[in-house]
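Written out below as structure tokens is the structure these notes cover.
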Amino acid sequence: MKKLIIDVRDNGGGDVIDMRDFVERFISKEALVGYQRTKEGNGRFNYTPWVPMYVKPHPFAIPNPIPIVVLADYGSVSMAEMTTMALKSQEMVKFVGDYTHGGTAALGPGDELNGGALNITVANRLKFYMPLMATKDASGKVIEGIGVEPDVYVAPPTQEERQDMKVNANHKDRAMEKAVEELMKM
């Protein structure tokens, strides 16, 4: 393999073990990915201090860095965002697409006074959830509620483009075309 595009668009995430089983195989050197803190107490701002997160090469990782483009968008959540951040910590990696979702933290039950997300169920009951963690990237930018910033921004598809994707096998995927263009420069 000489170059690679990893597409995590519209990927709602996965398990933390995915970092070790898949992502770390593309890690050629140990690197800081970002920082996390976890919920501690009932108050809105009761979190632990920021703790650094690192990735390191898997025992069967590629021996030398290769050019990689990560494609992500607003539908990229949780482990898809962590994957994007981990890969961006390496040499010769670019993130092409739109800002990710900004939801790297697990959600747990809370109350409306502590913030979090509001979920209206089918039975019209209200449920409140609050983030159990918070994440910042390696440069210190907060990810929760904001998302990972792309190196090369590509606007999301319009409604017309989404409709065309469903019926036209020859549809032009602007983000994929930009990813290929960027990969060829690397």
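All residue names refer to the structure tokens as shown: chains lettered A, B, ... in order, residues numbered from 1 in each chain, ligands numbered from 1 in order.
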Quick one: residues within 6 Å of range 77-94 of chain A, only C-alpha atoms, excluding same-chain residues fewer than 4 positions away - as a tab-separated table (two decimals) with N, CA, C and O atoms, in the first residue's frame?
chain	number	residue	atom	x	y	z
A	8	VAL	N	-14.71	8.05	6.84
A	8	VAL	CA	-15.54	7.85	8.02
A	8	VAL	C	-16.75	8.79	8.00
A	8	VAL	O	-17.35	9.07	9.05
A	12	GLY	N	-21.28	6.76	12.78
A	12	GLY	CA	-21.72	7.12	14.13
A	12	GLY	C	-20.80	6.67	15.24
A	12	GLY	O	-21.09	6.86	16.40
A	13	GLY	N	-19.68	6.05	14.90
A	13	GLY	CA	-18.71	5.69	15.92
A	13	GLY	C	-18.56	4.20	16.11
A	13	GLY	O	-18.97	3.40	15.27
A	14	GLY	N	-18.01	3.82	17.22
A	14	GLY	CA	-17.75	2.42	17.50
A	14	GLY	C	-17.15	2.28	18.88
A	14	GLY	O	-17.30	3.15	19.72
A	33	VAL	N	-2.65	12.92	20.84
A	33	VAL	CA	-3.87	13.07	20.04
A	33	VAL	C	-4.70	14.24	20.56
A	33	VAL	O	-5.28	15.00	19.79
A	67	PRO	N	1.17	8.45	2.85
A	67	PRO	CA	0.17	9.51	2.71
A	67	PRO	C	-1.24	8.95	2.95
A	67	PRO	O	-1.63	7.95	2.35
A	68	ILE	N	-1.97	9.60	3.85
A	68	ILE	CA	-3.34	9.21	4.17
A	68	ILE	C	-4.21	10.44	4.16
A	68	ILE	O	-3.84	11.49	4.69
A	69	VAL	N	-5.39	10.31	3.55
A	69	VAL	CA	-6.42	11.35	3.64
A	69	VAL	C	-7.60	10.73	4.38
A	69	VAL	O	-8.06	9.64	4.04
A	101	HIS	N	-18.98	15.93	14.02
A	101	HIS	CA	-20.16	16.22	14.84
A	101	HIS	C	-19.86	16.90	16.16
A	101	HIS	O	-20.64	17.72	16.64
A	103	GLY	N	-19.12	15.06	19.07
A	103	GLY	CA	-19.73	14.23	20.10
A	103	GLY	C	-18.83	13.06	20.47
A	103	GLY	O	-19.20	11.92	20.25
A	104	THR	N	-17.66	13.35	21.03
A	104	THR	CA	-16.75	12.26	21.39
A	104	THR	C	-17.06	11.67	22.75
A	104	THR	O	-16.54	10.63	23.10
Range 15-109 of chain A: which residues are alpha helix (DSSP H) by DSSP, as number ranges by chain?
-> A: 17-21, 79-88
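Within 6 Å of range 151-166 of chain A there are Phe95, Val96, Gly97, Asp98, His171 and Ala175 of chain A, counting only C-alpha atoms and ignoring same-chain residues fewer than 3 positions away.
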With N, CA, C and O atoms retained, write the just-selected residues as a PDB file, in the first residue's frame.
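Just written: selection30.pdb:
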ATOM      1  N   PHE A  95      -6.963  15.795   6.723  1.00  0.00           N
ATOM      2  CA  PHE A  95      -8.393  15.598   6.936  1.00  0.00           C
ATOM      3  C   PHE A  95      -9.126  16.479   5.940  1.00  0.00           C
ATOM      4  O   PHE A  95      -9.002  17.692   5.953  1.00  0.00           O
ATOM      5  N   VAL A  96      -9.916  15.858   5.068  1.00  0.00           N
ATOM      6  CA  VAL A  96     -10.686  16.549   4.037  1.00  0.00           C
ATOM      7  C   VAL A  96     -12.171  16.350   4.334  1.00  0.00           C
ATOM      8  O   VAL A  96     -12.600  15.239   4.642  1.00  0.00           O
ATOM      9  N   GLY A  97     -12.936  17.416   4.228  1.00  0.00           N
ATOM     10  CA  GLY A  97     -14.383  17.307   4.409  1.00  0.00           C
ATOM     11  C   GLY A  97     -14.937  18.454   5.211  1.00  0.00           C
ATOM     12  O   GLY A  97     -14.459  19.586   5.138  1.00  0.00           O
ATOM     13  N   ASP A  98     -15.945  18.140   6.026  1.00  0.00           N
ATOM     14  CA  ASP A  98     -16.645  19.114   6.845  1.00  0.00           C
ATOM     15  C   ASP A  98     -16.280  18.884   8.311  1.00  0.00           C
ATOM     16  O   ASP A  98     -15.743  17.834   8.655  1.00  0.00           O
ATOM     17  N   HIS A 171     -22.792   9.649 -10.051  1.00  0.00           N
ATOM     18  CA  HIS A 171     -22.773  10.900  -9.293  1.00  0.00           C
ATOM     19  C   HIS A 171     -21.343  11.276  -8.907  1.00  0.00           C
ATOM     20  O   HIS A 171     -20.540  10.428  -8.535  1.00  0.00           O
ATOM     21  N   ALA A 175     -16.403  15.601  -2.229  1.00  0.00           N
ATOM     22  CA  ALA A 175     -15.444  15.374  -1.146  1.00  0.00           C
ATOM     23  C   ALA A 175     -14.429  14.294  -1.528  1.00  0.00           C
ATOM     24  O   ALA A 175     -13.234  14.440  -1.276  1.00  0.00           O
TER      25      ALA A 175
END
Mind checking DSSP for chain A and telling me the strand (DSSP E) residues as JSON, numbers by chain?
-> {"A": [4, 5, 6, 7, 31, 32, 33, 34, 35, 36, 37, 38, 51, 52, 53, 54, 55, 68, 69, 70, 71, 72, 93, 94, 95, 96, 97, 107, 108, 109, 117, 118, 119, 120, 126, 127, 128, 129, 130, 131, 133, 134, 135, 136, 137, 152, 153]}
Residue with smallest distance to Phe45 in chain A - pool A:Ile66, A:Met133, A:Ala72, A:Ala61, counting only C-alpha atoms |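 Comparing A:Ile66, A:Met133, A:Ala72, A:Ala61 against Phe45 in chain A, the winner is A:Met133.
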So how many Å separate CA of Val23 in chain A and CA of Lys2 in chain A, to one decimal?
-> 16.6 Å
So how many Å separate CA of Thr135 in chain A and CA of Tyr35 in chain A, to one decimal?
->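 Computing it gives 5.6 Å between the two atoms.
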Distance CA of Asp7 in chain A-CA of Arg174 in chain A, one decimal place?
->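 Between CA of Asp7 in chain A and CA of Arg174 in chain A the gap is 13.2 Å.
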A:His58, A:Val51, A:Lys178, A:Asp10 ranked by distance to Thr38 in chain A, top pick (using only C-alpha atoms) = A:Val51
What lies within 9 Å of Pro63 in chain A using only C-alpha atoms, ignoring chain neighbours under 2 positions off, as a list in words?
-> Phe26, Ile27, Ser28, Pro57, Phe60, Ala61 and Pro65 of chain A
Output file for the selection above: C-alpha atoms, as a PDB file, in the first residue's frame:
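Listed below is the output, part21.pdb:
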ATOM      1  CA  PHE A  26      -1.572   3.226  10.622  1.00  0.00           C
ATOM      2  CA  ILE A  27       0.352   4.901  13.437  1.00  0.00           C
ATOM      3  CA  SER A  28       4.095   4.972  12.792  1.00  0.00           C
ATOM      4  CA  PRO A  57       2.091   2.004  16.868  1.00  0.00           C
ATOM      5  CA  PHE A  60       1.771  -4.990  13.414  1.00  0.00           C
ATOM      6  CA  ALA A  61       1.614  -1.332  12.332  1.00  0.00           C
ATOM      7  CA  PRO A  65       4.299   6.674   7.354  1.00  0.00           C
TER       8      PRO A  65
END
